[in-house]
file my_file_23.txt (compact mmCIF, C-alpha atoms)
# COMPACT_ATOMS: atom_id res chain seq x y z
CA MET A 1 83.31 85.19 115.62
CA SER A 2 79.57 85.04 115.83
CA PRO A 3 77.89 82.99 118.54
CA GLY A 4 77.75 80.09 116.12
CA GLY A 5 81.50 80.17 115.63
CA ARG A 6 81.53 81.85 112.24
CA ARG A 7 83.70 84.90 111.80
CA VAL A 8 81.88 88.10 110.84
CA SER A 9 83.12 90.00 107.79
CA VAL A 10 81.58 93.45 108.03
CA LEU A 11 82.87 94.38 104.56
CA ARG A 12 82.08 91.26 102.56
CA ILE A 13 84.30 90.48 99.58
CA ARG A 14 81.94 90.37 96.64
CA PRO A 15 83.19 89.85 93.06
CA ARG A 16 83.18 93.59 92.36
CA THR A 17 85.05 94.34 95.55
CA SER A 18 87.57 91.60 94.80
CA VAL A 19 88.31 93.34 91.50
CA VAL A 20 88.76 96.69 93.24
CA LEU A 21 91.10 95.18 95.84
CA ALA A 22 93.09 93.39 93.15
CA LEU A 23 93.47 96.61 91.15
CA ALA A 24 94.47 98.53 94.28
CA SER A 25 97.10 95.93 95.14
CA ALA A 26 98.43 95.88 91.58
CA ALA A 27 98.69 99.67 91.60
CA GLY A 28 100.52 99.47 94.93
CA LEU A 29 103.07 97.00 93.55
CA VAL A 30 103.67 99.32 90.61
CA MET A 31 104.16 102.22 93.04
CA PHE A 32 106.95 100.36 94.81
CA PHE A 33 108.74 98.44 92.09
CA TRP A 34 108.50 100.50 88.90
CA PRO A 35 112.11 101.80 89.26
CA LEU A 36 113.38 98.25 88.70
CA PHE A 37 111.80 98.16 85.24
CA ALA A 38 111.98 101.84 84.26
CA PRO A 39 115.19 103.10 85.91
CA PRO A 40 114.81 106.69 87.16
CA ARG A 41 117.42 109.36 87.59
CA PRO A 42 118.60 109.74 91.21
CA GLU A 43 117.05 112.66 93.09
CA ALA A 44 117.87 114.28 96.38
CA VAL A 45 114.43 113.48 97.76
CA ALA A 46 112.79 110.24 96.73
CA HIS A 47 109.60 110.67 94.72
CA SER A 48 109.49 114.38 95.53
CA ALA A 49 107.72 115.12 92.26
CA ASP A 50 105.45 112.12 91.81
CA ALA A 51 104.29 111.61 95.43
CA PRO A 52 101.41 114.13 95.20
CA LEU A 53 100.14 112.32 92.10
CA ILE A 54 100.42 108.94 93.84
CA PHE A 55 98.54 110.30 96.84
CA ILE A 56 95.75 111.49 94.57
CA ILE A 57 95.57 107.98 93.10
CA VAL A 58 95.70 106.04 96.38
CA MET A 59 92.92 107.87 98.21
CA PRO A 60 90.25 107.33 95.50
CA VAL A 61 91.18 103.63 95.45
CA VAL A 62 90.46 103.37 99.18
CA LEU A 63 87.21 105.27 98.73
CA ALA A 64 86.32 103.00 95.81
CA VAL A 65 86.42 100.00 98.13
CA VAL A 66 83.96 101.69 100.47
CA LEU A 67 81.70 102.93 97.69
CA ALA A 68 81.66 99.53 96.01
CA GLU A 69 80.44 97.98 99.24
CA MET A 70 77.89 100.73 99.86
CA SER A 71 76.42 100.35 96.38
CA SER A 72 76.16 96.57 96.79
CA GLY A 73 74.58 96.76 100.23
CA GLY A 74 77.63 95.48 102.14
CA ILE A 75 78.19 98.44 104.45
CA ASP A 76 76.00 100.38 106.81
CA PRO A 77 76.47 103.35 109.18
CA LYS A 78 77.60 101.01 111.97
CA VAL A 79 80.54 99.86 109.86
CA LEU A 80 81.47 103.43 109.00
CA ALA A 81 81.29 104.36 112.68
CA LEU A 82 83.49 101.40 113.61
CA LEU A 83 86.02 102.37 110.95
CA GLY A 84 86.13 105.89 112.33
CA VAL A 85 86.59 104.76 115.93
CA LEU A 86 89.33 102.21 115.20
CA SER A 87 91.13 104.62 112.85
CA ALA A 88 91.11 107.25 115.60
CA VAL A 89 92.37 104.75 118.19
CA ASN A 90 95.18 103.64 115.89
CA ALA A 91 96.10 107.24 115.14
CA GLY A 92 96.31 107.87 118.89
CA LEU A 93 98.43 104.78 119.50
CA ARG A 94 101.08 105.57 116.91
CA PRO A 95 102.72 108.55 118.70
CA LEU A 96 103.32 106.30 121.73
CA GLY A 97 106.14 104.49 119.98
CA ALA A 98 106.91 105.80 116.50
CA GLY A 99 110.47 106.97 116.15
CA THR A 100 111.87 105.09 119.16
CA ALA A 101 114.08 102.10 118.21
CA GLY A 102 111.55 100.98 115.63
CA ILE A 103 108.72 100.55 118.15
CA GLU A 104 105.42 100.81 116.27
CA THR A 105 102.17 100.54 118.24
CA VAL A 106 99.88 101.05 115.27
CA PHE A 107 99.97 97.59 113.68
CA PHE A 108 98.86 95.12 116.35
CA LEU A 109 95.34 96.56 116.53
CA LEU A 110 95.18 96.56 112.73
CA VAL A 111 96.04 92.84 112.68
CA LEU A 112 93.44 92.01 115.34
CA ALA A 113 90.70 94.09 113.67
CA GLY A 114 91.42 92.55 110.28
CA ARG A 115 91.19 89.12 111.88
CA VAL A 116 87.80 89.83 113.45
CA PHE A 117 86.09 91.95 110.80
CA GLY A 118 87.53 90.51 107.59
CA PRO A 119 89.92 91.43 104.78
CA GLY A 120 87.88 94.26 103.24
CA PHE A 121 87.57 96.03 106.57
CA GLY A 122 91.27 95.42 107.30
CA PHE A 123 92.32 96.92 103.97
CA VAL A 124 90.36 100.13 104.47
CA LEU A 125 91.31 100.41 108.15
CA GLY A 126 95.00 100.07 107.35
CA ALA A 127 94.97 102.90 104.85
CA LEU A 128 92.80 105.21 106.95
CA SER A 129 94.77 104.57 110.16
CA LEU A 130 98.07 105.66 108.61
CA PHE A 131 96.42 108.66 106.97
CA ALA A 132 94.85 109.78 110.27
CA SER A 133 98.06 109.21 112.25
CA ALA A 134 100.05 111.20 109.69
CA LEU A 135 97.70 114.15 110.16
CA LEU A 136 97.97 113.81 113.94
CA THR A 137 101.76 113.60 114.04
CA ALA A 138 102.53 115.99 111.16
CA GLY A 139 103.87 113.00 109.24
CA VAL A 140 102.46 113.95 105.84
CA GLY A 141 105.16 113.57 103.21
CA PRO A 142 106.10 111.68 100.05
CA TRP A 143 106.28 108.46 102.07
CA LEU A 144 102.63 108.58 103.19
CA PRO A 145 101.01 106.90 100.13
CA PHE A 146 103.45 104.02 100.45
CA GLN A 147 102.75 103.65 104.17
CA MET A 148 99.01 103.65 103.48
CA ILE A 149 99.06 100.88 100.87
CA SER A 150 101.53 98.78 102.93
CA SER A 151 99.32 99.03 106.01
CA ALA A 152 96.25 98.24 103.90
CA TRP A 153 97.95 95.01 102.81
CA ILE A 154 98.66 94.13 106.45
CA GLY A 155 94.99 94.49 107.36
CA LEU A 156 93.95 92.58 104.24
CA GLY A 157 96.32 89.70 105.01
CA ALA A 158 95.12 89.45 108.61
CA GLY A 159 91.57 89.02 107.34
CA LEU A 160 92.65 86.22 104.99
CA LEU A 161 94.31 84.05 107.65
CA PRO A 162 92.79 80.57 108.23
CA ARG A 163 89.44 80.84 109.96
CA ARG A 164 89.29 77.57 111.86
CA VAL A 165 92.22 78.38 114.16
CA THR A 166 91.04 79.37 117.65
CA GLY A 167 92.27 79.78 121.20
CA ARG A 168 96.01 79.83 121.89
CA ALA A 169 96.75 78.60 118.38
CA GLU A 170 94.99 81.69 117.01
CA ILE A 171 97.10 84.01 119.17
CA ALA A 172 100.26 82.20 118.03
CA LEU A 173 99.15 82.52 114.40
CA LEU A 174 98.44 86.24 114.75
CA ALA A 175 101.73 86.83 116.61
CA CYS A 176 103.69 85.11 113.83
CA TYR A 177 101.78 87.09 111.23
CA GLY A 178 102.54 90.32 113.11
CA VAL A 179 106.26 89.53 113.01
CA VAL A 180 106.20 88.71 109.28
CA ALA A 181 104.12 91.82 108.56
CA ALA A 182 106.60 94.01 110.45
CA TYR A 183 109.56 92.84 108.39
CA THR A 184 107.55 93.03 105.17
CA PHE A 185 106.48 96.59 105.96
CA GLY A 186 110.09 97.57 106.55
CA LEU A 187 111.22 95.97 103.30
CA LEU A 188 108.53 97.73 101.28
CA MET A 189 109.21 101.09 102.89
CA ASN A 190 112.90 100.70 102.02
CA MET A 191 111.99 100.02 98.41
CA TRP A 192 110.15 103.32 97.97
CA PHE A 193 113.32 105.38 98.42
CA TRP A 194 116.28 103.04 97.82
CA PRO A 195 116.62 103.57 94.03
CA PHE A 196 116.80 107.32 94.63
CA THR A 197 118.83 107.95 97.79
CA ALA A 198 121.29 105.09 98.29
CA GLY A 199 123.96 106.91 96.27
CA THR A 200 125.51 105.91 92.98
CA ASP A 201 128.99 104.64 93.78
CA THR A 202 128.56 102.17 96.64
CA GLN A 203 128.06 98.41 96.81
CA LEU A 204 124.52 99.00 98.07
CA SER A 205 123.50 101.46 95.34
CA PHE A 206 120.81 100.97 92.75
CA ASP A 207 122.31 100.34 89.30
CA PRO A 208 120.03 101.53 86.48
CA GLY A 209 121.89 99.34 83.98
CA ALA A 210 121.86 96.13 86.02
CA PRO A 211 119.36 93.28 85.58
CA VAL A 212 116.30 93.19 87.84
CA ALA A 213 117.56 90.14 89.75
CA GLU A 214 120.88 91.82 90.51
CA ASN A 215 119.20 94.98 91.78
CA LEU A 216 116.85 92.91 93.94
CA HIS A 217 119.83 91.09 95.43
CA THR A 218 121.53 94.41 96.20
CA PHE A 219 118.31 95.74 97.69
CA LEU A 220 117.95 92.75 100.03
CA ILE A 221 121.50 93.28 101.27
CA PHE A 222 120.73 96.99 101.74
CA THR A 223 117.63 96.13 103.77
CA LEU A 224 119.45 93.58 105.94
CA THR A 225 122.27 95.98 106.75
CA THR A 226 120.22 99.13 107.32
CA SER A 227 116.88 98.19 108.89
CA THR A 228 116.19 94.47 109.38
CA PHE A 229 118.21 94.10 112.60
CA GLY A 230 117.20 97.54 113.87
CA TRP A 231 113.94 99.27 113.10
CA ASP A 232 112.22 96.24 111.61
CA THR A 233 113.11 94.02 114.56
CA GLY A 234 111.82 96.64 116.98
CA ARG A 235 108.55 96.75 115.07
CA ALA A 236 108.33 92.94 114.99
CA LEU A 237 108.93 92.64 118.74
CA THR A 238 106.30 95.28 119.43
CA ASN A 239 103.73 93.36 117.38
CA LEU A 240 104.70 90.06 118.98
CA LEU A 241 104.50 91.29 122.57
CA ALA A 242 101.33 93.33 122.05
CA ILE A 243 99.45 90.48 120.38
CA VAL A 244 100.56 87.90 122.96
CA LEU A 245 99.90 90.11 125.99
CA VAL A 246 96.72 91.99 125.08
CA GLY A 247 95.58 90.14 121.95
CA PRO A 248 93.09 87.80 123.69
CA ALA A 249 91.42 90.68 125.53
CA VAL A 250 91.27 92.91 122.43
CA LEU A 251 89.88 90.07 120.29
CA ALA A 252 87.18 89.46 122.90
CA VAL A 253 86.23 93.16 122.94
CA LEU A 254 86.10 93.40 119.14
CA ARG A 255 84.03 90.24 118.81
CA ARG A 256 81.65 91.39 121.52
CA ALA A 257 81.23 94.69 119.67
CA SER A 258 80.58 92.78 116.46
CA ARG A 259 77.90 90.61 118.09
CA ARG A 260 76.15 93.57 119.68
CA ALA A 261 76.20 95.55 116.45
CA ALA A 262 74.78 92.49 114.66
CA PHE A 263 76.66 93.20 111.44
CA ASP A 264 75.65 89.88 109.93
CA ALA A 265 72.01 89.96 111.06
CA PRO A 266 69.59 89.74 108.11
CA VAL A 267 67.34 92.72 107.52
CA THR A 268 63.63 91.89 107.78
CA PHE A 269 60.55 94.02 107.37
CA ASP A 270 57.35 93.44 109.32
CA PRO A 271 54.11 93.61 107.34
CA PRO A 272 52.15 96.80 107.90
CA ARG A 273 49.54 96.67 110.61
CA ALA A 274 45.95 97.38 109.85

call {"tool": "encode", "arguments": {"input": "my_file_23.txt", "output": "structure tokens"}}
result
Amino acid sequence: MSPGGRRVSVLRIRPRTSVVLALASAAGLVMFFWPLFAPPRPEAVAHSADAPLIFIIVMPVVLAVVLAEMSSGGIDPKVLALLGVLSAVNAGLRPLGAGTAGIETVFFLLVLAGRVFGPGFGFVLGALSLFASALLTAGVGPWLPFQMISSAWIGLGAGLLPRRVTGRAEIALLACYGVVAAYTFGLLMNMWFWPFTAGTDTQLSFDPGAPVAENLHTFLIFTLTTSTFGWDTGRALTNLLAIVLVGPAVLAVLRRASRRAAFDAPVTFDPPRA
């Protein structure tokens, strides 16, 4: 927050940006859930053919958020520099835990940054962080567009949390949000491949001829039995512990950086001297 107690949003949500974010989120929902309404044929590798097209669509959407803010005067080089630094830090944190019992060290900083710098910044940071970490860890694949939009939603949601909560209550709020975000991320990332790779003759398989509600019920059971009590819980515990243990210090550092950069300071021009 600023010295006066008001939180700084370095990428302000103007009407045009709100439209862009809404369209990006709608496109993301379509990416995940279209098989429920237009049943596909099972493939050996989920989305092996359409993932490159989705990737081409997702990246311009992220850039559109930035360009919309630049054209409306809501972003400056300091914001771009901060995005680059935090994306690089997140990319460096991810290899510390990814792939080990569901431990994910990339999300707690995303939640804290979205809290401090606002929903627009959190959305862009989430997408860029996963893109940068995928390049660093050789994790580029058909799952990457889905990881990017899911992480963007996590950063966006963190920026939309109630503003008046402070102190220990704020840490508790962010820790609870980190847990919910971890399970939501796992659920979404299961949805991107489940209609294609869960088989065709099991009780947990996607049924192209079944109603949407029935397939959703089967999918929830699939998620509970395959990832909720394993990978997703590991991710949730990582977020919880990281936010509780280092959250106050990281929030203080981010807010100090925001004050020193003076993101919300009005631009004034002195009259020319004679």

call {"tool": "atom_distance", "arguments": {"input": "my_file_23.txt", "atom1": "atom CA of Arg255 of chain A", "atom2": "atom CA of Phe117 of chain A"}}
result
8.4 Å

call {"tool": "residues_around", "arguments": {"input": "my_file_23.txt", "residues": "Phe108 of chain A", "least_positions_apart": "4", "cutoff": "7 Å", "atoms": "only C-alpha atoms", "output": "list in words"}}
result
Leu112, Gly178, Asn239, Ala242 and Ile243 of chain A

call {"tool": "atom_distance", "arguments": {"input": "my_file_23.txt", "atom1": "atom CA of Trp34 of chain A", "atom2": "atom CA of Leu110 of chain A"}}
result
27.6 Å

call {"tool": "axis_aligned_box", "arguments": {"input": "my_file_23.txt", "around": "segment 206-225 of chain A", "padding_each_side": "3 Å", "output": "lines of an AutoDock Vina configuration file"}}
result
center_x = 119.3
center_y = 95.8
center_z = 95.4
size_x = 12.0
size_y = 17.4
size_z = 28.8

call {"tool": "residues_around", "arguments": {"input": "my_file_23.txt", "residues": "Leu160 of chain A", "least_positions_apart": "6", "cutoff": "8 Å", "atoms": "only C-alpha atoms", "output": "ChimeraX atom specification"}}
result
/A:115,118-119

call {"tool": "residues_around", "arguments": {"input": "my_file_23.txt", "residues": "segment 218-223 of chain A", "least_positions_apart": "4", "cutoff": "9 Å", "atoms": "all atoms listed in the file", "output": "list in words"}}
result
Gly186, Leu187, Asn190, Met191, Trp194, Pro195, Ala198, Gln203, Leu204, Ser205, Phe206, Ala213, Glu214, Ser227 and Thr228 of chain A

call {"tool": "atom_distance", "arguments": {"input": "my_file_23.txt", "atom1": "atom CA of Leu188 of chain A", "atom2": "atom CA of Val30 of chain A"}}
result
11.8 Å

call {"tool": "residues_around", "arguments": {"input": "my_file_23.txt", "residues": "Val89 of chain A", "least_positions_apart": "3", "cutoff": "10 Å", "atoms": "only C-alpha atoms", "output": "PyMOL selection string"}}
result
chain A and resi 83-86+92-94+106+109+129+132-133

call {"tool": "closest_residue", "arguments": {"input": "my_file_23.txt", "among": "A:Leu96, A:Val19, A:Ala24, A:Val246", "to": "Val124 of chain A", "atoms": "all atoms listed in the file"}}
result
A:Ala24

call {"tool": "residues_around", "arguments": {"input": "my_file_23.txt", "residues": "Ala181 of chain A", "least_positions_apart": "2", "cutoff": "10 Å", "atoms": "only C-alpha atoms", "output": "PyMOL selection string"}}
result
chain A and resi 107-108+111+150-151+153-155+157-158+175-179+183-187+232+235-236+239

call {"tool": "closest_residue", "arguments": {"input": "my_file_23.txt", "among": "A:Leu144, A:Val180, A:Leu245, A:Ala38", "to": "Ala210 of chain A", "atoms": "all atoms listed in the file"}}
result
A:Ala38

call {"tool": "closest_residue", "arguments": {"input": "my_file_23.txt", "among": "A:Glu104, A:Gly120, A:Ile171, A:Ala26", "to": "Leu156 of chain A", "atoms": "only C-alpha atoms"}}
result
A:Gly120
